[in-house]
Structure formats: C-alpha cells, structure tokens
$ cat work-v4.txt   # compact mmCIF, C-alpha atoms and all ligand atoms
# COMPACT_ATOMS: atom_id res chain seq x y z
CA MET A 1333 -5.58 -8.31 24.84
CA LEU A 1334 -7.59 -10.53 22.54
CA ASN A 1335 -8.29 -14.08 23.54
CA ILE A 1336 -7.71 -15.58 20.10
CA GLN A 1337 -9.20 -19.04 19.49
CA ILE A 1338 -6.87 -21.01 17.27
CA GLU A 1339 -7.94 -23.81 14.95
CA LYS A 1340 -4.91 -25.12 13.09
CA THR A 1341 -5.23 -26.66 9.66
CA ASN A 1342 -4.78 -30.41 9.39
CA GLN A 1343 -4.16 -30.10 5.65
CA PRO A 1344 -1.16 -27.78 5.26
CA LYS A 1345 -0.75 -26.67 1.67
CA GLN A 1346 2.30 -27.13 -0.53
CA LYS A 1347 4.36 -23.94 -0.42
CA PRO A 1348 5.32 -22.45 -3.79
CA GLU A 1349 8.94 -22.44 -4.92
CA PRO A 1350 10.53 -19.03 -4.27
CA GLU A 1351 11.11 -18.39 -7.99
CA GLU A 1352 7.43 -19.18 -8.75
CA LEU A 1353 6.00 -16.57 -6.38
CA VAL A 1354 3.44 -14.28 -7.98
CA PHE A 1355 2.00 -11.30 -6.10
CA GLY A 1356 -1.30 -12.05 -4.39
CA ALA A 1357 -2.07 -15.43 -5.93
CA VAL A 1358 -1.27 -17.98 -3.20
CA PHE A 1359 -2.41 -17.67 0.40
CA THR A 1360 -1.01 -19.11 3.59
CA ASP A 1361 -2.64 -21.89 5.62
CA HIS A 1362 -4.55 -19.66 8.03
CA MET A 1363 -6.52 -16.44 8.35
CA PHE A 1364 -7.58 -14.21 11.22
CA VAL A 1365 -11.28 -13.36 11.60
CA MET A 1366 -13.11 -11.13 14.11
CA ASP A 1367 -16.72 -9.93 14.12
CA TYR A 1368 -18.36 -6.66 15.07
CA GLU A 1369 -21.84 -6.11 16.37
CA ILE A 1370 -23.08 -2.97 18.13
CA SER A 1371 -23.93 -4.67 21.44
CA GLN A 1372 -20.65 -6.61 21.66
CA GLY A 1373 -18.16 -4.43 19.80
CA TRP A 1374 -15.33 -6.37 18.15
CA HIS A 1375 -15.55 -9.95 19.40
CA ASN A 1376 -14.95 -13.60 18.58
CA PRO A 1377 -11.30 -13.27 17.44
CA LYS A 1378 -10.05 -16.47 15.87
CA ILE A 1379 -7.45 -17.95 13.58
CA VAL A 1380 -8.85 -20.67 11.34
CA PRO A 1381 -7.67 -22.52 8.23
CA TYR A 1382 -7.74 -20.25 5.14
CA GLN A 1383 -11.16 -20.91 3.58
CA PRO A 1384 -14.10 -19.30 1.78
CA ILE A 1385 -16.52 -17.26 3.88
CA THR A 1386 -20.31 -17.26 3.70
CA LEU A 1387 -22.20 -13.98 3.34
CA GLU A 1388 -25.75 -13.07 2.44
CA PRO A 1389 -26.05 -11.78 -1.15
CA SER A 1390 -27.60 -8.70 0.45
CA ALA A 1391 -24.48 -8.04 2.57
CA MET A 1392 -23.94 -4.29 2.40
CA VAL A 1393 -20.33 -4.50 1.22
CA PHE A 1394 -21.49 -5.92 -2.13
CA HIS A 1395 -23.78 -2.99 -2.85
CA TYR A 1396 -22.32 0.22 -1.51
CA GLY A 1397 -18.70 -0.75 -1.00
CA GLN A 1398 -18.31 -0.01 2.70
CA GLU A 1399 -14.92 -1.67 3.13
CA MET A 1400 -11.35 -0.80 4.02
CA PHE A 1401 -8.04 -2.56 3.52
CA GLU A 1402 -4.39 -2.28 4.46
CA GLY A 1403 -1.19 -3.63 2.94
CA MET A 1404 2.03 -4.37 4.79
CA LYS A 1405 4.80 -6.96 4.86
CA ALA A 1406 6.61 -9.30 7.24
CA TYR A 1407 10.27 -10.01 6.47
CA LYS A 1408 12.52 -12.88 7.44
CA GLY A 1409 15.42 -11.03 9.01
CA VAL A 1410 19.05 -11.78 8.20
CA ASP A 1411 19.34 -13.38 11.67
CA GLY A 1412 16.14 -15.44 11.31
CA ARG A 1413 13.97 -12.97 13.25
CA VAL A 1414 10.57 -12.10 11.75
CA LEU A 1415 10.15 -8.35 11.36
CA LEU A 1416 7.24 -6.03 10.61
CA PHE A 1417 7.94 -2.54 9.25
CA ARG A 1418 6.19 0.31 11.08
CA PRO A 1419 2.95 -1.66 11.62
CA GLU A 1420 1.62 1.05 13.94
CA LYS A 1421 1.42 3.34 10.89
CA ASN A 1422 -0.84 0.92 9.03
CA ILE A 1423 -2.97 0.48 12.14
CA GLU A 1424 -3.30 4.24 12.65
CA ARG A 1425 -4.29 4.57 8.99
CA THR A 1426 -6.87 1.78 9.40
CA ASN A 1427 -8.71 3.88 11.95
CA LYS A 1428 -8.47 7.00 9.78
CA THR A 1429 -10.02 5.07 6.91
CA ASN A 1430 -12.62 3.59 9.26
CA ASP A 1431 -13.55 7.06 10.43
CA ARG A 1432 -14.01 8.31 6.86
CA ILE A 1433 -16.29 5.47 5.80
CA CYS A 1434 -18.13 5.02 9.10
CA ILE A 1435 -16.64 1.68 10.13
CA PRO A 1436 -16.20 1.36 13.93
CA GLN A 1437 -12.71 1.97 15.29
CA ILE A 1438 -10.56 -1.02 16.08
CA ASP A 1439 -8.27 -1.19 19.12
CA GLU A 1440 -4.68 -0.57 17.94
CA ASP A 1441 -3.10 -3.14 20.25
CA ASP A 1442 -5.70 -5.75 19.29
CA MET A 1443 -5.03 -5.21 15.59
CA LEU A 1444 -1.27 -5.57 16.07
CA GLN A 1445 -1.84 -8.70 18.15
CA ALA A 1446 -4.04 -10.17 15.39
CA ILE A 1447 -1.42 -9.48 12.70
CA LYS A 1448 1.42 -10.87 14.81
CA ALA A 1449 -0.59 -14.00 15.70
CA LEU A 1450 -1.32 -14.79 12.05
CA VAL A 1451 2.27 -14.12 10.94
CA ASP A 1452 3.55 -16.28 13.77
CA ILE A 1453 1.35 -19.27 12.98
CA ASP A 1454 2.24 -19.03 9.27
CA LYS A 1455 5.87 -17.96 9.71
CA ASP A 1456 7.15 -20.93 7.69
CA TRP A 1457 5.44 -19.28 4.72
CA ILE A 1458 7.77 -16.26 4.84
CA PRO A 1459 10.22 -16.82 2.00
CA ASN A 1460 13.94 -16.46 2.71
CA ALA A 1461 15.39 -15.29 -0.58
CA GLY A 1462 16.48 -11.66 -0.95
CA GLY A 1463 13.65 -9.28 -1.83
CA THR A 1464 10.90 -11.74 -0.86
CA ALA A 1465 8.42 -11.21 1.98
CA LEU A 1466 5.04 -12.18 3.35
CA TYR A 1467 2.43 -9.68 2.19
CA ILE A 1468 -0.25 -9.06 4.82
CA ARG A 1469 -3.73 -7.88 3.91
CA PRO A 1470 -5.97 -6.79 6.82
CA PHE A 1471 -9.45 -5.70 5.71
CA ILE A 1472 -12.93 -4.96 7.03
CA ILE A 1473 -16.27 -5.50 5.26
CA ALA A 1474 -19.83 -4.40 6.08
CA THR A 1475 -22.01 -7.49 6.53
CA ASP A 1476 -25.57 -6.35 7.38
CA PRO A 1477 -28.05 -8.09 5.02
CA TYR A 1478 -29.75 -4.83 4.02
CA LEU A 1479 -30.13 -2.72 0.90
CA GLY A 1480 -30.77 0.67 2.48
CA VAL A 1481 -27.97 3.21 2.46
CA ARG A 1482 -26.59 3.67 5.99
CA PRO A 1483 -23.58 2.42 7.91
CA SER A 1484 -23.75 -1.32 8.57
CA ASN A 1485 -24.28 -2.48 12.16
CA THR A 1486 -22.16 -5.61 11.66
CA TYR A 1487 -18.67 -6.08 10.19
CA LYS A 1488 -16.00 -8.69 9.66
CA PHE A 1489 -12.31 -7.89 10.17
CA MET A 1490 -10.00 -10.35 8.50
CA VAL A 1491 -6.29 -10.76 7.90
CA ILE A 1492 -4.97 -12.92 5.08
CA ALA A 1493 -1.37 -13.28 3.91
CA CYS A 1494 0.56 -14.36 0.84
CA PRO A 1495 4.24 -15.00 0.16
CA VAL A 1496 5.56 -12.58 -2.47
CA GLY A 1497 8.64 -12.82 -4.65
CA ALA A 1498 11.22 -10.18 -5.32
CA TYR A 1499 9.54 -7.22 -7.00
CA TYR A 1500 12.64 -6.64 -9.06
CA LYS A 1501 14.08 -9.85 -10.47
CA GLU A 1502 16.67 -8.36 -12.81
CA GLY A 1503 17.68 -5.16 -11.06
CA ILE A 1504 15.45 -2.16 -10.65
CA ASN A 1505 13.91 -1.28 -14.00
CA PRO A 1506 12.40 2.19 -14.43
CA VAL A 1507 8.76 2.25 -15.51
CA LYS A 1508 6.94 4.17 -18.26
CA ILE A 1509 4.15 6.39 -16.92
CA TRP A 1510 1.11 7.80 -18.68
CA VAL A 1511 -0.03 11.19 -17.36
CA GLU A 1512 -3.82 10.84 -17.21
CA THR A 1513 -5.77 13.93 -18.26
CA GLU A 1514 -9.28 12.49 -18.73
CA TYR A 1515 -9.99 10.39 -15.62
CA VAL A 1516 -9.21 11.38 -12.02
CA ARG A 1517 -8.60 9.21 -8.95
CA ALA A 1518 -9.88 11.45 -6.18
CA VAL A 1519 -11.31 14.86 -5.44
CA PRO A 1520 -11.10 17.17 -2.40
CA GLY A 1521 -13.67 16.06 0.15
CA GLY A 1522 -13.81 12.57 -1.37
CA VAL A 1523 -12.21 9.33 -0.17
CA GLY A 1524 -8.80 9.62 -1.83
CA GLU A 1525 -6.95 9.56 1.47
CA ALA A 1526 -8.85 6.50 2.69
CA LYS A 1527 -7.60 3.04 1.79
CA THR A 1528 -10.92 1.78 0.47
CA GLY A 1529 -11.64 -0.51 -2.47
CA GLY A 1530 -13.78 2.03 -4.31
CA ASN A 1531 -10.72 4.12 -5.10
CA TYR A 1532 -9.30 1.15 -6.97
CA ALA A 1533 -12.53 0.34 -8.81
CA ALA A 1534 -12.53 3.97 -9.98
CA SER A 1535 -8.94 3.74 -11.22
CA ILE A 1536 -9.03 0.55 -13.30
CA LYS A 1537 -10.31 2.20 -16.47
CA ALA A 1538 -7.41 4.65 -16.66
CA GLN A 1539 -5.00 1.85 -15.77
CA MET A 1540 -6.30 -0.21 -18.74
CA LYS A 1541 -6.01 2.80 -21.02
CA ALA A 1542 -2.36 3.27 -20.02
CA LYS A 1543 -1.64 -0.48 -20.46
CA GLU A 1544 -3.09 -0.49 -23.99
CA ARG A 1545 -0.66 2.28 -24.87
CA GLY A 1546 2.31 0.40 -23.45
CA TYR A 1547 2.57 2.21 -20.11
CA THR A 1548 2.91 0.50 -16.72
CA GLN A 1549 0.98 2.97 -14.55
CA VAL A 1550 -0.81 6.28 -14.69
CA LEU A 1551 0.24 9.51 -13.07
CA TRP A 1552 -2.83 11.09 -11.49
CA LEU A 1553 -3.45 14.81 -11.65
CA ASP A 1554 -5.68 16.63 -9.17
CA GLY A 1555 -9.41 16.27 -9.77
CA VAL A 1556 -10.24 19.98 -9.94
CA GLU A 1557 -7.70 21.73 -12.16
CA ARG A 1558 -5.96 18.65 -13.57
CA LYS A 1559 -2.58 20.25 -13.28
CA TYR A 1560 -1.18 19.32 -9.87
CA VAL A 1561 0.53 15.95 -9.55
CA GLU A 1562 -1.03 13.63 -6.95
CA GLU A 1563 0.17 10.01 -7.20
CA VAL A 1564 1.57 7.42 -9.57
CA GLY A 1565 -0.76 4.40 -9.86
CA THR A 1566 -0.94 3.03 -6.34
CA MET A 1567 2.19 4.80 -5.18
CA ASN A 1568 3.15 8.19 -3.85
CA VAL A 1569 5.57 10.13 -6.03
CA PHE A 1570 8.81 12.10 -5.55
CA PHE A 1571 10.76 14.40 -7.88
CA LYS A 1572 14.40 15.43 -7.53
CA ILE A 1573 14.80 18.82 -9.16
CA ASN A 1574 18.08 20.70 -9.00
CA GLY A 1575 19.16 18.90 -5.82
CA GLU A 1576 15.85 19.37 -4.00
CA ILE A 1577 13.39 16.53 -3.41
CA ILE A 1578 9.72 17.43 -3.82
CA THR A 1579 6.65 15.33 -3.07
CA PRO A 1580 3.01 16.47 -3.34
CA GLU A 1581 1.69 17.64 0.02
CA LEU A 1582 -1.18 15.70 1.59
CA THR A 1583 -4.19 17.79 0.64
CA GLY A 1584 -6.86 15.15 1.38
CA SER A 1585 -7.06 13.44 -2.00
CA ILE A 1586 -3.66 11.72 -1.67
CA LEU A 1587 -3.10 8.47 0.22
CA ALA A 1588 -0.60 9.02 3.04
CA GLY A 1589 1.83 6.18 2.32
CA VAL A 1590 3.95 4.65 5.05
CA THR A 1591 6.78 4.38 2.53
CA ARG A 1592 6.32 8.05 1.59
CA ASN A 1593 6.67 9.03 5.25
CA SER A 1594 9.72 6.79 5.68
CA VAL A 1595 11.41 8.32 2.62
CA ILE A 1596 10.81 11.85 3.94
CA GLU A 1597 12.21 10.93 7.36
CA LEU A 1598 15.25 9.25 5.81
CA LEU A 1599 15.98 12.23 3.56
CA ASN A 1600 15.69 14.56 6.54
CA ALA A 1601 18.05 12.36 8.54
CA TRP A 1602 20.54 12.51 5.65
CA GLY A 1603 20.33 16.30 5.57
CA GLU A 1604 18.79 16.38 2.09
CA ARG A 1605 16.50 19.22 1.09
CA VAL A 1606 12.99 17.72 0.99
CA VAL A 1607 9.75 19.65 0.64
CA GLU A 1608 6.07 18.72 0.62
CA ARG A 1609 4.19 21.09 -1.64
CA ARG A 1610 1.84 21.20 -4.59
CA ILE A 1611 3.67 20.74 -7.87
CA THR A 1612 2.23 21.04 -11.38
CA ILE A 1613 2.98 18.71 -14.27
CA ASP A 1614 4.07 21.82 -16.22
CA GLU A 1615 6.72 22.58 -13.60
CA ILE A 1616 8.08 19.06 -14.05
CA TYR A 1617 8.23 19.40 -17.82
CA GLU A 1618 9.89 22.81 -17.48
CA ALA A 1619 12.47 21.35 -15.11
CA HIS A 1620 13.17 18.63 -17.66
CA LYS A 1621 13.57 21.22 -20.40
CA ALA A 1622 15.98 23.15 -18.19
CA GLY A 1623 17.95 19.96 -17.58
CA ILE A 1624 17.36 19.95 -13.81
CA LEU A 1625 14.84 17.10 -13.50
CA GLU A 1626 17.23 14.59 -11.95
CA GLU A 1627 15.08 11.72 -10.65
CA VAL A 1628 11.44 10.67 -10.42
CA PHE A 1629 10.28 7.71 -8.33
CA GLY A 1630 7.15 6.17 -6.84
CA THR A 1631 7.00 4.79 -3.29
CA GLY A 1632 4.84 2.02 -1.82
CA THR A 1633 4.96 -1.17 0.21
CA ALA A 1634 4.97 -3.47 -2.83
CA ALA A 1635 7.99 -2.09 -4.70
CA VAL A 1636 9.46 0.21 -2.00
CA ILE A 1637 10.93 2.45 -4.73
CA SER A 1638 9.88 2.41 -8.37
CA PRO A 1639 11.96 4.71 -10.58
CA VAL A 1640 10.15 6.45 -13.42
CA GLY A 1641 12.10 6.37 -16.69
CA GLU A 1642 9.59 7.97 -19.02
CA LEU A 1643 6.56 10.27 -18.82
CA ASN A 1644 3.97 10.89 -21.52
CA TYR A 1645 1.85 14.02 -21.02
CA ARG A 1646 -0.49 14.82 -23.92
CA GLY A 1647 1.83 13.03 -26.35
CA ASP A 1648 4.93 14.87 -25.10
CA MET A 1649 7.35 12.14 -24.04
CA ILE A 1650 10.34 12.78 -21.81
CA THR A 1651 13.04 10.41 -20.61
CA ILE A 1652 14.31 10.80 -17.05
CA ASN A 1653 17.89 10.10 -15.97
CA ASN A 1654 18.62 8.23 -19.18
CA ASN A 1655 15.96 5.66 -18.21
CA GLU A 1656 18.16 4.43 -15.36
CA ILE A 1657 17.63 4.34 -11.62
CA GLY A 1658 19.08 7.46 -9.98
CA ALA A 1659 21.74 7.38 -7.27
CA LEU A 1660 19.39 8.77 -4.63
CA SER A 1661 16.56 6.36 -5.55
CA GLN A 1662 19.02 3.47 -5.28
CA LYS A 1663 20.32 4.68 -1.91
CA ILE A 1664 16.79 5.00 -0.51
CA TYR A 1665 15.85 1.55 -1.84
CA ASP A 1666 18.95 -0.09 -0.36
CA THR A 1667 18.45 1.61 3.00
CA ILE A 1668 14.74 0.86 3.42
CA THR A 1669 15.06 -2.78 2.32
CA GLY A 1670 18.13 -3.10 4.57
CA LEU A 1671 16.18 -1.77 7.54
CA GLN A 1672 13.20 -4.03 6.78
CA THR A 1673 15.30 -7.19 6.88
CA GLY A 1674 17.54 -6.10 9.74
CA ALA A 1675 20.62 -6.01 7.47
CA ILE A 1676 21.01 -2.34 8.46
CA LYS A 1677 20.85 -1.38 12.13
CA ASP A 1678 17.48 0.24 12.82
CA GLU A 1679 18.19 3.57 14.45
CA PHE A 1680 14.69 4.82 13.69
CA GLY A 1681 12.87 2.17 15.74
CA TRP A 1682 10.86 1.21 12.66
CA THR A 1683 11.02 -2.57 12.87
CA VAL A 1684 8.82 -4.62 15.20
CA GLU A 1685 9.69 -8.22 15.95
CA VAL A 1686 6.90 -10.80 15.75
C1 LIG A 1701 -1.44 1.95 -0.27
C2 LIG A 1701 -1.28 3.08 -1.23
C3 LIG A 1701 -0.08 3.82 -1.35
C4 LIG A 1701 1.21 3.44 -0.68
O1 LIG A 1701 1.14 3.36 0.68
P1 LIG A 1701 2.25 2.56 1.51
O2 LIG A 1701 1.77 2.66 2.89
O3 LIG A 1701 3.55 3.22 1.28
O4 LIG A 1701 2.24 1.15 0.96
C5 LIG A 1701 -0.08 4.91 -2.19
N1 LIG A 1701 -1.17 5.26 -2.91
C6 LIG A 1701 -2.32 4.56 -2.84
C7 LIG A 1701 -3.48 5.00 -3.66
C8 LIG A 1701 -2.41 3.45 -2.00
O5 LIG A 1701 -3.56 2.77 -1.95
$ encode --input "work-v4.txt" --output "structure tokens"
Amino acid sequence: MLNIQIEKTNQPKQKPEPEELVFGAVFTDHMFVMDYEISQGWHNPKIVPYQPITLEPSAMVFHYGQEMFEGMKAYKGVDGRVLLFRPEKNIERTNKTNDRICIPQIDEDDMLQAIKALVDIDKDWIPNAGGTALYIRPFIIATDPYLGVRPSNTYKFMVIACPVGAYYKEGINPVKIWVETEYVRAVPGGVGEAKTGGNYAASIKAQMKAKERGYTQVLWLDGVERKYVEEVGTMNVFFKINGEIITPELTGSILAGVTRNSVIELLNAWGERVVERRITIDEIYEAHKAGILEEVFGTGTAAVISPVGELNYRGDMITINNNEIGALSQKIYDTITGLQTGAIKDEFGWTVEV
C-alpha cells in the first residue's frame, strides 16, 4: 500500500463542454507523481495540482528516450459507478515494457492504487455523455542528469488524465488505410512490443506521408520481408475472411493490445472461429479478389473498433464491405463499450470499480 500525500488544488479549472472535448488537449486538476532512486526504490507518492515539472536539460529521457507510457480509460457507468477496463492488463504490460527498456519494475498493486486515487480525486472530470470517458496516461521517464548511455538510476512515474469525447460523433465511419512499403515500425528483436515513445517518433514520417495522400492511418508490414501485416497505425488489426477471423500473431514486433486480447476472448466466447497467425498483404488482396474478404478492423483503447473501408497497396485500391461497418465489427463494438460502461453485465470480470 502506498501512503499517498494529497495536495488538492485551490484553483479548480473550468471543465470543457462535452461537445468541445478534443483528445488529449485538456487535463484534469491533479496528477500523480512518484520518484525512483536505487537506495529507496519507488518512493514519495503524491497527488498534486496538475502543473509543469522541472528537469535538468541533461535528464536522460531527453537524449536517449528511456521512457514508457500506457493508455487506458475510466468510464462513468450507467449507474453512476466509475469503472476501469482490465487495468491489470495495462499494469502487466507496464512491467513488460519496463523490462525491455531497463526501467525498474513497479509494484502492480501500487500502480493500480495510484491510478484509482487520481481517478477518484478527479472523478467529476469524467464526462457523462455516451461514448465519452476519462483517458488515463501513466508514464515513466529517466531523470538522471547524465549524457552517457546506460540505464538511469532515477525515474519519475506520473499519471495524468484528460476527458475525451466520443470517438465517433456521427456513427462509426470506416477509415482509409495506406499500406506502407518504404518505412517500417518495428523489427524482430527491437522494441515494437514495448509501449515506448520511440516507436511513435519512428512512425510519424509514414503517418504524414499517408495523410498527404488522403489516408487516415498506415498499415505496417513486417520489417524484414515487408509482406506480413503487423498493425494499423496505433491499433492492432483483424480480418474476417470467409467466416474466419484472423489477427497477426504476436511475434515480438507487434504491441499486445488489451483491446486485441478482449476481442479474441469475446470471439471465442461467441464460438466464432478466430486464429492468430502470420498473414501476408497478398493473401488479403487475394481474398478480396475472391470475394471472401468480409471485414477489416483496427482495435485499440481510443476507438475500441475502427473499421477499415479502403486499402491502398502500391496504388492498388480495394474497398471493403462497401465502405460500411460490418455486422461483426458493430457487434464487438457494442459489446465492449457496453461492458466498459456497465450497460452489459460483465461476465468476464473485466471491469474494476474505482
Ligand atoms: C497502445 C497500442 C495499441 C493498442 O493497445 P490497447 O491496449 O488495445 O489500447 C496497438 N498498437 C500500438 C502500437 C500501441 O501503442
């Protein structure tokens, strides 16, 4: 158990109107902060007013990018309860990321306690309207003032939060995806399965290239042969081909999404045929040609389900399911969002009350 020191703000901010909510632009009144030092371990847990932090310009995170982050949401339940969705998965993943980039492990119960404490103190910031939530961003940065390359001896763990609006304002619109053949996101043995900022820095260029061409996101191919599908933008990806649902298996360069895992477990519970295996972009195009590519969708905390309506691979454009959301995608979306808000009875034990 952490003994969290709490300093409440005496200048609460104006909360944005629900219809004005933009992802990641407005932060709640407080933040959680905890320090790490070799002799003391993680210590000094506190909740303070949301504010800038002071770091030395030589802090290691600025130079070699030793940092990790997580992304999860708190929902205002239909009965007024505040619910987290499978937070233990994000916490488990935090320590996997930490291990990969040599950040010290964090106690799982302590991390959950920190998240719950921040959500509780800022619970009035959780919007009520359908589809809205409080986005929670835990992260850790290396803070040693040192320019040599080695793991830092000091770190800061922080949790900040922002109210987010409905991802889909006018129904679920399928997105146009650019299949990237020049740049790659991750390679075997690299950090693709770690949730670390460097993966995003490495992906921005391809993202800009896709945007310029009128596409929302890129579809990443594997970094070695550039033929196996890995992810879509910052989401995992699923294909429904001839009644079977296929998602790329976790080979080390793919981020193991909590939503991905939830979709697989749901599909299994429904008795659907779901397989995790490597799948090439050619196989997808062949399935389309054969008329058996039924649905394509991305999965992630932000959108839950994001149907793909169009793919462009080397100038060859295909339209999927008439550019409409598929029946299965819709059913998965309705079920997961229903579970998250408590509108559907949680038989999986996925929700955790704050
Ligand atoms: C976070 C993330 C995902 C989705 O993970 P969820 O836990 O479902 O939100 C997928 N791909 C990448 C690269 C990510 O960073």
$ residues_near_ligand --input "work-v4.txt" --ligand "ligand LIG 1701 (chain A)" --cutoff "9 Å" --atoms "only C-alpha atoms and all ligand atoms" --output "NGL selection string"
:A and (1401-1404 or 1421-1422 or 1425 or 1517 or 1524-1529 or 1531-1532 or 1563-1569 or 1586-1594 or 1630-1636)
$ closest_atom_pairs --input "work-v4.txt" --of "range 1426-1483 of chain A" --to "range 1661-1671 of chain A" --cutoff "12 Å" --atoms "all atoms listed in the file" --output "JSON lines"
{"residue": "A:Gly1462", "atom": "CA", "partner": "A:Thr1669", "partner_atom": "CA", "distance": 9.6}
{"residue": "A:Gly1463", "atom": "CA", "partner": "A:Thr1669", "partner_atom": "CA", "distance": 7.8}
{"residue": "A:Thr1464", "atom": "CA", "partner": "A:Thr1669", "partner_atom": "CA", "distance": 10.4}
{"residue": "A:Ala1465", "atom": "CA", "partner": "A:Thr1669", "partner_atom": "CA", "distance": 10.7}
$ residues_near_point --input "work-v4.txt" --point "(-11.5, -10.0, 21.3)" --cutoff "7 Å" --atoms "only C-alpha atoms" --output "MDAnalysis selection string"
chainID A and resid 1334:1336 1374:1377
$ atom_distance --input "work-v4.txt" --atom1 "CA of Gln1437 in chain A" --atom2 "CA of Pro1483 in chain A"
13.1 Å
$ residues_near_point --input "work-v4.txt" --point "(10.6, -10.6, 14.6)" --cutoff "7 Å" --atoms "all atoms listed in the file" --output "NGL selection string"
:A and (1413-1416 or 1684-1686)
$ residues_around --input "work-v4.txt" --residues "Ala1538 in chain A" --least-positions-apart "3" --cutoff "10 Å" --atoms "all atoms listed in the file" --output "VMD selection string"
chain A and resid 1510 to 1517 1534 to 1535 1541 to 1544 1549 to 1552 1565
$ closest_residue --input "work-v4.txt" --among "A:Ile1385, A:Leu1466, A:Ile1472, A:Ile1650" --to "Thr1426 in chain A" --atoms "only C-alpha atoms"
A:Ile1472
$ residues_around --input "work-v4.txt" --residues "Phe1359 in chain A" --least-positions-apart "4" --cutoff "8 Å" --atoms "only C-alpha atoms" --output "PyMOL selection string"
chain A and resi 1382+1492-1495
$ atom_distance --input "work-v4.txt" --atom1 "CA of Glu1557 in chain A" --atom2 "CA of Lys1508 in chain A"
23.7 Å
$ closest_residue --input "work-v4.txt" --among "A:His1362, A:Arg1610, A:Lys1488, A:Arg1432" --to "Asp1454 in chain A" --atoms "only C-alpha atoms"
A:His1362
$ axis_aligned_box --input "work-v4.txt" --around "range 1385-1389 of chain A" --padding-each-side "5 Å" --output "JSON"
{"center_x": -21.3, "center_y": -14.5, "center_z": 1.4, "size_x": 19.5, "size_y": 15.5, "size_z": 15.0}
$ build_atoms --input "work-v4.txt" --residues "range 1355-1373 of chain A" --atoms "N, CA and C atoms" --output "mmCIF file, keeping the file's coordinate frame"
data_model
loop_
_atom_site.group_PDB
_atom_site.id
_atom_site.type_symbol
_atom_site.label_atom_id
_atom_site.label_comp_id
_atom_site.auth_asym_id
_atom_site.auth_seq_id
_atom_site.Cartn_x
_atom_site.Cartn_y
_atom_site.Cartn_z
ATOM 1 N N PHE A 1355 2.643 -12.141 -7.114
ATOM 2 C CA PHE A 1355 2.000 -11.300 -6.100
ATOM 3 C C PHE A 1355 0.516 -11.648 -5.953
ATOM 4 N N GLY A 1356 0.125 -11.951 -4.720
ATOM 5 C CA GLY A 1356 -1.300 -12.050 -4.390
ATOM 6 C C GLY A 1356 -2.056 -13.232 -4.944
ATOM 7 N N ALA A 1357 -1.368 -14.312 -5.300
ATOM 8 C CA ALA A 1357 -2.070 -15.430 -5.930
ATOM 9 C C ALA A 1357 -2.174 -16.661 -5.029
ATOM 10 N N VAL A 1358 -1.274 -16.802 -4.075
ATOM 11 C CA VAL A 1358 -1.270 -17.980 -3.200
ATOM 12 C C VAL A 1358 -1.348 -17.498 -1.758
ATOM 13 N N PHE A 1359 -2.216 -18.123 -0.975
ATOM 14 C CA PHE A 1359 -2.410 -17.670 0.400
ATOM 15 C C PHE A 1359 -1.923 -18.701 1.396
ATOM 16 N N THR A 1360 -1.578 -18.225 2.577
ATOM 17 C CA THR A 1360 -1.010 -19.110 3.590
ATOM 18 C C THR A 1360 -2.082 -20.046 4.149
ATOM 19 N N ASP A 1361 -1.721 -20.868 5.103
ATOM 20 C CA ASP A 1361 -2.640 -21.890 5.620
ATOM 21 C C ASP A 1361 -3.759 -21.340 6.490
ATOM 22 N N HIS A 1362 -3.563 -20.152 7.062
ATOM 23 C CA HIS A 1362 -4.550 -19.660 8.030
ATOM 24 C C HIS A 1362 -5.013 -18.245 7.725
ATOM 25 N N MET A 1363 -6.059 -17.829 8.425
ATOM 26 C CA MET A 1363 -6.520 -16.440 8.350
ATOM 27 C C MET A 1363 -7.076 -16.035 9.714
ATOM 28 N N PHE A 1364 -7.026 -14.739 9.964
ATOM 29 C CA PHE A 1364 -7.580 -14.210 11.220
ATOM 30 C C PHE A 1364 -8.957 -13.636 10.910
ATOM 31 N N VAL A 1365 -9.920 -13.887 11.789
ATOM 32 C CA VAL A 1365 -11.280 -13.360 11.600
ATOM 33 C C VAL A 1365 -11.804 -12.828 12.937
ATOM 34 N N MET A 1366 -12.483 -11.685 12.898
ATOM 35 C CA MET A 1366 -13.110 -11.130 14.110
ATOM 36 C C MET A 1366 -14.382 -10.404 13.672
ATOM 37 N N ASP A 1367 -15.418 -10.511 14.483
ATOM 38 C CA ASP A 1367 -16.720 -9.930 14.120
ATOM 39 C C ASP A 1367 -17.017 -8.672 14.916
ATOM 40 N N TYR A 1368 -17.892 -7.854 14.354
ATOM 41 C CA TYR A 1368 -18.360 -6.660 15.070
ATOM 42 C C TYR A 1368 -19.880 -6.642 15.066
ATOM 43 N N GLU A 1369 -20.394 -6.273 16.208
ATOM 44 C CA GLU A 1369 -21.840 -6.110 16.370
ATOM 45 C C GLU A 1369 -21.988 -4.999 17.399
ATOM 46 N N ILE A 1370 -22.992 -4.141 17.267
ATOM 47 C CA ILE A 1370 -23.080 -2.970 18.130
ATOM 48 C C ILE A 1370 -23.062 -3.330 19.618
ATOM 49 N N SER A 1371 -23.836 -4.347 20.004
ATOM 50 C CA SER A 1371 -23.930 -4.670 21.440
ATOM 51 C C SER A 1371 -22.656 -5.272 22.005
ATOM 52 N N GLN A 1372 -21.864 -5.925 21.160
ATOM 53 C CA GLN A 1372 -20.650 -6.610 21.660
ATOM 54 C C GLN A 1372 -19.351 -5.947 21.258
ATOM 55 N N GLY A 1373 -19.401 -4.988 20.322
ATOM 56 C CA GLY A 1373 -18.160 -4.430 19.800
ATOM 57 C C GLY A 1373 -17.436 -5.501 18.990
#
